[in-house]
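One file, input.cif, is given below (mmCIF, C-alpha atoms).
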```cif
data_structure
#
loop_
_atom_site.label_atom_id
_atom_site.label_comp_id
_atom_site.auth_asym_id
_atom_site.auth_seq_id
_atom_site.Cartn_x
_atom_site.Cartn_y
_atom_site.Cartn_z
CA MET A 1 19.58 245.36 -127.40
CA SER A 2 22.67 244.82 -125.25
CA ALA A 3 22.61 245.34 -121.50
CA SER A 4 25.33 247.96 -121.81
CA GLN A 5 22.99 250.30 -123.63
CA PHE A 6 21.10 251.24 -120.49
CA SER A 7 21.90 252.23 -116.91
CA VAL A 8 20.13 253.92 -114.01
CA LEU A 9 21.22 257.35 -112.79
CA GLU A 10 21.27 257.86 -109.04
CA THR A 11 21.36 261.66 -109.04
CA LYS A 12 18.28 263.89 -109.01
CA SER A 13 17.92 267.46 -110.21
CA SER A 14 15.36 270.15 -110.96
CA LEU A 15 15.23 268.77 -114.52
CA ASP A 16 13.63 265.51 -113.36
CA ILE A 17 9.93 264.80 -113.73
CA GLY A 18 9.66 262.42 -110.78
CA GLY A 19 10.30 259.02 -112.35
CA SER A 20 13.17 256.58 -112.60
CA VAL A 21 16.06 258.44 -114.24
CA GLN A 22 17.94 256.30 -116.74
CA GLU A 23 20.66 256.53 -119.37
CA TYR A 24 20.41 255.40 -122.97
CA ARG A 25 23.82 254.92 -124.55
CA TRP A 26 23.94 255.69 -128.23
CA VAL A 27 26.67 256.02 -130.85
CA TRP A 28 26.72 258.66 -133.57
CA LYS A 29 29.47 258.38 -136.20
CA GLY A 30 31.73 256.52 -133.81
CA LYS A 31 31.18 258.89 -130.89
CA SER A 32 29.49 257.72 -127.70
CA ILE A 33 26.49 259.72 -126.50
CA THR A 34 24.57 259.39 -123.24
CA VAL A 35 20.90 260.35 -123.32
CA ALA A 36 18.95 260.94 -120.10
CA TYR A 37 15.33 259.85 -119.83
CA GLU A 38 12.76 259.02 -117.18
CA VAL A 39 10.04 256.39 -116.84
CA LEU A 40 7.00 256.62 -114.59
CA GLY A 41 3.60 254.94 -114.43
CA GLU A 42 2.31 251.76 -116.06
CA GLY A 43 0.18 250.88 -119.08
CA GLN A 44 0.19 251.92 -122.74
CA PRO A 45 3.51 253.72 -123.43
CA VAL A 46 3.55 257.46 -124.04
CA LEU A 47 6.73 259.22 -125.19
CA LEU A 48 7.11 262.88 -124.24
CA LEU A 49 9.45 264.92 -126.45
CA PRO A 50 10.22 268.47 -125.28
CA ALA A 51 10.55 271.40 -127.65
CA PHE A 52 13.97 272.43 -128.88
CA SER A 53 15.09 275.69 -127.29
CA SER A 54 18.05 277.18 -125.46
CA VAL A 55 16.43 275.88 -122.24
CA SER A 56 15.08 272.57 -123.53
CA THR A 57 14.81 269.79 -120.90
CA ARG A 58 12.42 266.95 -120.18
CA GLY A 59 11.55 268.91 -117.03
CA GLU A 60 9.22 271.13 -119.06
CA MET A 61 6.99 268.06 -119.44
CA ARG A 62 6.73 267.47 -115.68
CA GLY A 63 3.13 268.61 -115.20
CA LEU A 64 1.86 266.60 -118.14
CA ALA A 65 3.97 263.53 -117.28
CA THR A 66 2.85 263.18 -113.68
CA GLN A 67 -0.82 263.31 -114.63
CA LEU A 68 -0.51 260.98 -117.62
CA ALA A 69 1.33 258.48 -115.41
CA GLU A 70 -1.93 257.82 -113.58
CA GLN A 71 -3.16 255.98 -116.69
CA PHE A 72 -0.11 255.32 -118.90
CA GLN A 73 3.56 254.43 -118.79
CA VAL A 74 5.29 257.73 -119.49
CA VAL A 75 8.79 258.11 -120.91
CA ALA A 76 10.25 261.64 -121.03
CA VAL A 77 13.60 262.16 -122.73
CA ASP A 78 16.20 264.89 -123.11
CA TRP A 79 17.22 265.42 -126.71
CA VAL A 80 20.88 264.93 -127.63
CA GLY A 81 22.70 268.17 -126.81
CA PHE A 82 20.05 269.36 -124.35
CA GLY A 83 19.08 268.79 -120.71
CA GLN A 84 21.18 266.12 -119.01
CA SER A 85 22.11 264.39 -122.25
CA THR A 86 25.58 264.62 -123.81
CA ARG A 87 26.38 268.16 -124.95
CA THR A 88 29.45 267.48 -127.02
CA ALA A 89 30.59 270.08 -129.58
CA PHE A 90 29.04 268.22 -132.50
CA LYS A 91 28.00 269.93 -135.68
CA TYR A 92 24.35 269.55 -134.71
CA GLN A 93 22.07 268.84 -137.66
CA PRO A 94 18.71 267.15 -138.38
CA ALA A 95 20.35 263.83 -139.30
CA ILE A 96 21.44 263.36 -135.67
CA TYR A 97 17.91 263.75 -134.36
CA HIS A 98 16.25 261.65 -137.04
CA ALA A 99 18.65 258.80 -136.28
CA PHE A 100 18.47 259.19 -132.52
CA LEU A 101 14.66 259.20 -132.37
CA ARG A 102 14.44 256.12 -134.58
CA ASP A 103 17.00 254.16 -132.55
CA PHE A 104 15.64 255.25 -129.18
CA VAL A 105 12.07 254.22 -130.00
CA ARG A 106 13.17 250.88 -131.43
CA SER A 107 15.33 250.14 -128.38
CA VAL A 108 13.10 251.31 -125.53
CA PHE A 109 9.62 250.25 -126.69
CA THR A 110 8.27 246.86 -127.69
CA CYS A 111 4.86 248.02 -128.95
CA PRO A 112 3.45 251.07 -130.76
CA VAL A 113 3.81 254.19 -128.63
CA VAL A 114 1.87 257.44 -128.35
CA ALA A 115 4.19 260.35 -129.22
CA ILE A 116 3.49 263.74 -127.65
CA ALA A 117 5.90 266.19 -129.25
CA ALA A 118 6.30 269.92 -128.68
CA GLY A 119 7.60 272.53 -131.10
CA HIS A 120 10.33 271.33 -133.47
CA ALA A 121 9.97 267.74 -132.26
CA ALA A 122 6.90 267.58 -134.52
CA GLY A 123 8.90 267.31 -137.75
CA TYR A 124 11.10 264.53 -136.39
CA VAL A 125 8.11 262.54 -135.15
CA MET A 126 6.29 262.87 -138.45
CA GLU A 127 9.35 261.94 -140.51
CA LEU A 128 9.63 258.73 -138.48
CA ALA A 129 5.89 258.19 -138.92
CA ARG A 130 6.33 258.43 -142.69
CA GLN A 131 9.19 255.95 -142.65
CA GLN A 132 7.83 253.50 -140.05
CA PRO A 133 4.20 254.26 -139.16
CA SER A 134 3.94 251.05 -137.12
CA LEU A 135 6.14 252.60 -134.40
CA TRP A 136 3.48 255.14 -133.44
CA ALA A 137 0.00 254.39 -132.07
CA TYR A 138 -1.02 258.03 -132.13
CA VAL A 139 0.72 261.40 -132.49
CA ILE A 140 -0.05 264.61 -130.60
CA LEU A 141 1.81 267.71 -131.79
CA ILE A 142 1.85 270.62 -129.36
CA ALA A 143 2.38 274.02 -130.99
CA PRO A 144 4.28 272.37 -133.87
CA THR A 145 7.00 274.42 -135.58
CA TRP A 146 9.43 273.69 -138.39
CA ARG A 147 11.44 276.92 -138.63
CA GLY A 148 13.91 278.18 -136.02
CA PRO A 149 13.58 281.52 -134.19
CA LEU A 150 15.90 283.58 -136.40
CA PRO A 151 14.49 282.40 -139.77
CA THR A 152 10.97 282.93 -138.40
CA ALA A 153 11.63 286.43 -137.10
CA MET A 154 14.14 287.72 -139.68
CA GLY A 155 13.46 285.80 -142.88
CA GLU A 156 15.40 283.27 -144.96
CA HIS A 157 18.98 284.48 -144.65
CA ARG A 158 20.50 281.05 -144.11
CA SER A 159 24.10 281.99 -144.94
CA VAL A 160 24.03 284.70 -142.26
CA TYR A 161 22.55 282.34 -139.67
CA LYS A 162 25.14 279.69 -140.55
CA PHE A 163 27.86 282.26 -139.90
CA LEU A 164 26.29 283.20 -136.54
CA ASN A 165 26.16 279.55 -135.56
CA LYS A 166 29.90 279.27 -136.28
CA ILE A 167 30.59 282.38 -134.18
CA VAL A 168 28.78 280.95 -131.14
CA ARG A 169 30.87 277.80 -131.44
CA LEU A 170 34.11 279.77 -130.97
CA PRO A 171 35.85 279.26 -127.60
CA ILE A 172 35.85 282.82 -126.20
CA LEU A 173 33.65 285.05 -128.34
CA GLY A 174 31.05 282.31 -128.70
CA GLN A 175 30.95 281.67 -124.98
CA LEU A 176 30.50 285.39 -124.33
CA LEU A 177 27.66 285.74 -126.83
CA TYR A 178 25.92 282.69 -125.40
CA PHE A 179 26.36 283.99 -121.85
CA LEU A 180 24.82 287.36 -122.75
CA ASN A 181 21.88 285.77 -124.54
CA THR A 182 21.04 283.44 -121.65
CA LEU A 183 21.13 285.96 -118.81
CA PRO A 184 18.02 285.73 -116.60
CA PRO A 185 16.56 289.06 -117.86
CA VAL A 186 16.88 287.82 -121.45
CA LEU A 187 15.21 284.52 -120.59
CA ARG A 188 12.42 286.37 -118.80
CA PHE A 189 11.86 288.58 -121.85
CA MET A 190 11.73 285.53 -124.11
CA TYR A 191 9.25 283.71 -121.89
CA GLN A 192 6.98 286.71 -121.48
CA ARG A 193 7.05 287.54 -125.18
CA HIS A 194 6.32 284.22 -126.87
CA VAL A 195 6.70 281.18 -124.62
CA TYR A 196 4.11 281.80 -121.90
CA ALA A 197 0.76 283.47 -122.48
CA ASN A 198 0.40 284.96 -119.00
CA PRO A 199 3.41 287.07 -117.88
CA ARG A 200 2.47 286.48 -114.23
CA ASN A 201 3.32 282.80 -114.70
CA VAL A 202 6.92 283.74 -115.54
CA THR A 203 8.15 283.56 -111.96
CA SER A 204 11.63 284.10 -110.58
CA ASN A 205 11.81 280.42 -109.67
CA LEU A 206 10.95 279.42 -113.25
CA ILE A 207 13.61 281.70 -114.72
CA SER A 208 16.16 280.43 -112.21
CA GLN A 209 15.50 276.84 -113.30
CA LYS A 210 15.74 277.77 -116.97
CA TRP A 211 18.96 279.68 -116.42
CA ARG A 212 20.55 276.70 -114.66
CA ALA A 213 19.68 274.54 -117.67
CA THR A 214 21.73 276.88 -119.88
CA GLN A 215 24.84 276.69 -117.69
CA GLN A 216 25.87 273.10 -118.29
CA ARG A 217 29.17 272.55 -120.07
CA GLY A 218 28.71 272.52 -123.85
CA ALA A 219 25.14 273.85 -123.67
CA ARG A 220 25.68 276.49 -126.34
CA PHE A 221 26.33 274.15 -129.26
CA ALA A 222 22.90 272.56 -129.80
CA ALA A 223 21.11 275.70 -128.60
CA ALA A 224 22.83 277.88 -131.19
CA ALA A 225 22.08 275.34 -133.90
CA PHE A 226 18.38 275.49 -133.04
CA VAL A 227 18.16 279.29 -132.83
CA THR A 228 19.90 279.75 -136.19
CA GLY A 229 17.70 277.20 -137.95
CA ALA A 230 20.35 274.49 -138.31
CA LEU A 231 17.99 271.97 -136.65
CA ASP A 232 15.00 272.75 -138.85
CA PRO A 233 13.74 269.36 -140.10
CA VAL A 234 12.67 270.97 -143.39
CA ARG A 235 13.39 274.23 -145.19
CA ASN A 236 9.95 275.20 -146.47
CA ARG A 237 6.26 274.88 -145.71
CA MET A 238 5.46 272.43 -148.49
CA ASP A 239 8.04 269.95 -147.25
CA PHE A 240 6.53 270.18 -143.76
CA LEU A 241 3.03 269.65 -145.10
CA SER A 242 4.23 266.61 -147.01
CA TYR A 243 4.67 264.81 -143.68
CA PHE A 244 0.89 264.92 -143.33
CA GLN A 245 -0.25 264.14 -146.88
CA PRO A 246 -1.35 261.44 -146.68
CA LEU A 247 -1.54 261.24 -142.90
CA PRO A 248 0.59 258.23 -141.86
CA VAL A 249 -0.88 257.86 -138.34
CA PRO A 250 -3.83 259.37 -136.42
CA SER A 251 -2.68 262.85 -135.37
CA LEU A 252 -3.86 265.74 -133.23
CA VAL A 253 -2.43 269.27 -133.38
CA VAL A 254 -2.73 271.56 -130.35
CA ILE A 255 -2.67 275.32 -131.02
CA GLY A 256 -2.38 278.01 -128.37
CA GLU A 257 -4.60 281.04 -128.78
CA GLN A 258 -1.76 283.42 -127.86
CA THR A 259 0.83 281.85 -130.20
CA PRO A 260 2.97 284.48 -132.01
CA PRO A 261 1.32 285.40 -135.34
CA LYS A 262 3.96 283.98 -137.70
CA SER A 263 4.14 280.65 -135.90
CA ARG A 264 0.38 280.39 -135.56
CA ALA A 265 -0.13 281.10 -139.26
CA GLU A 266 2.00 278.04 -140.09
CA MET A 267 -0.01 275.89 -137.65
CA GLU A 268 -3.30 277.02 -139.15
CA VAL A 269 -2.07 276.19 -142.65
CA LEU A 270 -1.15 272.74 -141.39
CA VAL A 271 -4.57 271.96 -139.93
CA HIS A 272 -6.32 273.42 -142.98
CA PHE A 273 -4.44 271.36 -145.57
CA SER A 274 -4.07 268.06 -143.74
CA GLY A 275 -6.28 265.47 -142.11
CA VAL A 276 -5.14 266.18 -138.56
CA GLN A 277 -7.58 266.84 -135.77
CA VAL A 278 -7.13 270.09 -133.88
CA TYR A 279 -7.53 271.25 -130.29
CA ARG A 280 -7.33 274.98 -129.56
CA MET A 281 -6.68 276.24 -126.05
CA PRO A 282 -5.16 279.18 -124.18
CA GLY A 283 -1.38 279.40 -124.33
CA SER A 284 1.59 280.09 -126.55
CA LEU A 285 4.63 278.05 -127.64
CA GLY A 286 5.14 276.73 -124.11
CA LEU A 287 1.52 275.80 -123.43
CA HIS A 288 2.48 272.21 -122.51
CA GLU A 289 4.36 273.59 -119.50
CA GLU A 290 2.23 276.60 -118.62
CA TYR A 291 -1.18 274.93 -118.93
CA ALA A 292 -0.52 271.21 -118.47
CA ASP A 293 -3.88 270.62 -116.76
CA LEU A 294 -5.86 272.22 -119.57
CA LEU A 295 -3.79 270.43 -122.19
CA LEU A 296 -4.43 267.06 -120.56
CA GLU A 297 -8.15 267.79 -120.42
CA GLY A 298 -8.17 268.36 -124.16
CA ILE A 299 -6.04 265.44 -125.30
CA LEU A 300 -7.38 262.66 -123.06
CA PRO A 301 -10.56 262.14 -125.13
CA PHE A 302 -8.41 261.57 -128.24
CA LEU A 303 -6.07 259.22 -126.41
CA ASN A 304 -8.91 257.17 -124.95
CA LYS A 305 -10.62 256.98 -128.34
CA TYR A 306 -7.60 255.54 -130.15
CA LEU A 307 -6.21 253.42 -127.33
CA SER A 308 -9.40 251.82 -126.04
#
```

Just give me the structure of the file as structure tokens.
Amino acid sequence: MSASQFSVLETKSSLDIGGSVQEYRWVWKGKSITVAYEVLGEGQPVLLLPAFSSVSTRGEMRGLATQLAEQFQVVAVDWVGFGQSTRTAFKYQPAIYHAFLRDFVRSVFTCPVVAIAAGHAAGYVMELARQQPSLWAYVILIAPTWRGPLPTAMGEHRSVYKFLNKIVRLPILGQLLYFLNTLPPVLRFMYQRHVYANPRNVTSNLISQKWRATQQRGARFAAAAFVTGALDPVRNRMDFLSYFQPLPVPSLVVIGEQTPPKSRAEMEVLVHFSGVQVYRMPGSLGLHEEYADLLLEGILPFLNKYLS
């Protein structure tokens, strides 16, 4: 890799997890993209991939990252279009994320890495595992999903969701719709309904941090793509299951006991029809942030088994 691909950021923000903040410079179809990531700790490398959402940042991995850094070298990254990474008005699609994850892992790591991926990151990790299993030492999928919020809640009306995605991309109307859907009361409702299991953990400080993450210039483009299903790595359950049959690398799936019924049903199908190991614990789709201590307690035995 060339020296120009990487640089160190001097600024700190509430998105940080406490490590050395760096930039990874990447090119997609001739356009330059800057991706923010952090490194902390020493030892076997562990890559933390946050869930896609309208408030997605590497900061949601803070609790898990700081504890893992006591034993491992932890790298936490903001996806393209989210967090502190470039939020250009691309037509966001799975091909961007498949290519980015492959190039980032090849460039940053020199040995097989443990991937801990939340939500939609699961499909991208497993696709890379199918293509190049030697890149991963072990995979942990936290509340894995493959279908965006609107297709999950409302059914397979892809043409309608594609139209909505285009509306949100418009300069004035799109900005207004995005603004209304990311107001603090809306974010609080979302977190209390399906992200956190315990409503008392949805504090004013948490919602304030999440709201600030939505206010960066260009934030609506990737967020709208995710919500409308445009970032779904696959379009049906069988294609998602195919990532795991046969299982390309040792894998563990973590399922929260308070996960919304439709999402949990898909997770249970996955563990039933594949060779993955499973760890069940309290929590919902955001269990990696809400219950980082309990999550670490459950995954450390698997990590130590495969990395010893």

Exercise. Where does the PyMOL selection byres ((chain A and resi 269-282) around 6) land in this file, that is, which residues does it pick, as a PyMOL selection string?
Worked result: chain A and resi 244+251-257+266-268+283

For this session: Quote the spacing between atom CA of Ser263 of chain A and atom CA of Pro151 of chain A in Å to one decimal place.
Result: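 Calculated distance between atom CA of Ser263 of chain A and atom CA of Pro151 of chain A is 11.2 Å.
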
Problem set entry | Straight-line distance linking atom CA of Lys91 of chain A with atom CA of Ala230 of chain A, stated in Å to one decimal |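 Computed distance, atom CA of Lys91 of chain A to atom CA of Ala230 of chain A, equals 9.3 Å.
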
Problem set entry | Close residues, segment 212-229 of chain A itself excluded, 7 Å, only C-alpha atoms, min 3 positions apart in chain, as a list in words |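 Residues near the query, excluding close chain neighbours: Phe52, Ser53, Ser54, Val55, Gly81, Phe82, Gly83, Arg87, Thr88, Ala89, Tyr92, Arg147, Gly148, Pro149, Leu150, Pro151, Tyr161, Lys162, Asn165, Val168, Arg169, Tyr178, Thr182, Ser208, Gln209 and Asp232 of chain A.
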
Exercise. Which of these, A:Trp136, A:Tyr124, A:Trp28, A:Phe90, has the shortest distance to Phe109 of chain A once you count all atoms listed in the file?
Worked result: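 Going through A:Trp136, A:Tyr124, A:Trp28, A:Phe90 one by one, the smallest distance to Phe109 of chain A is for A:Trp136.
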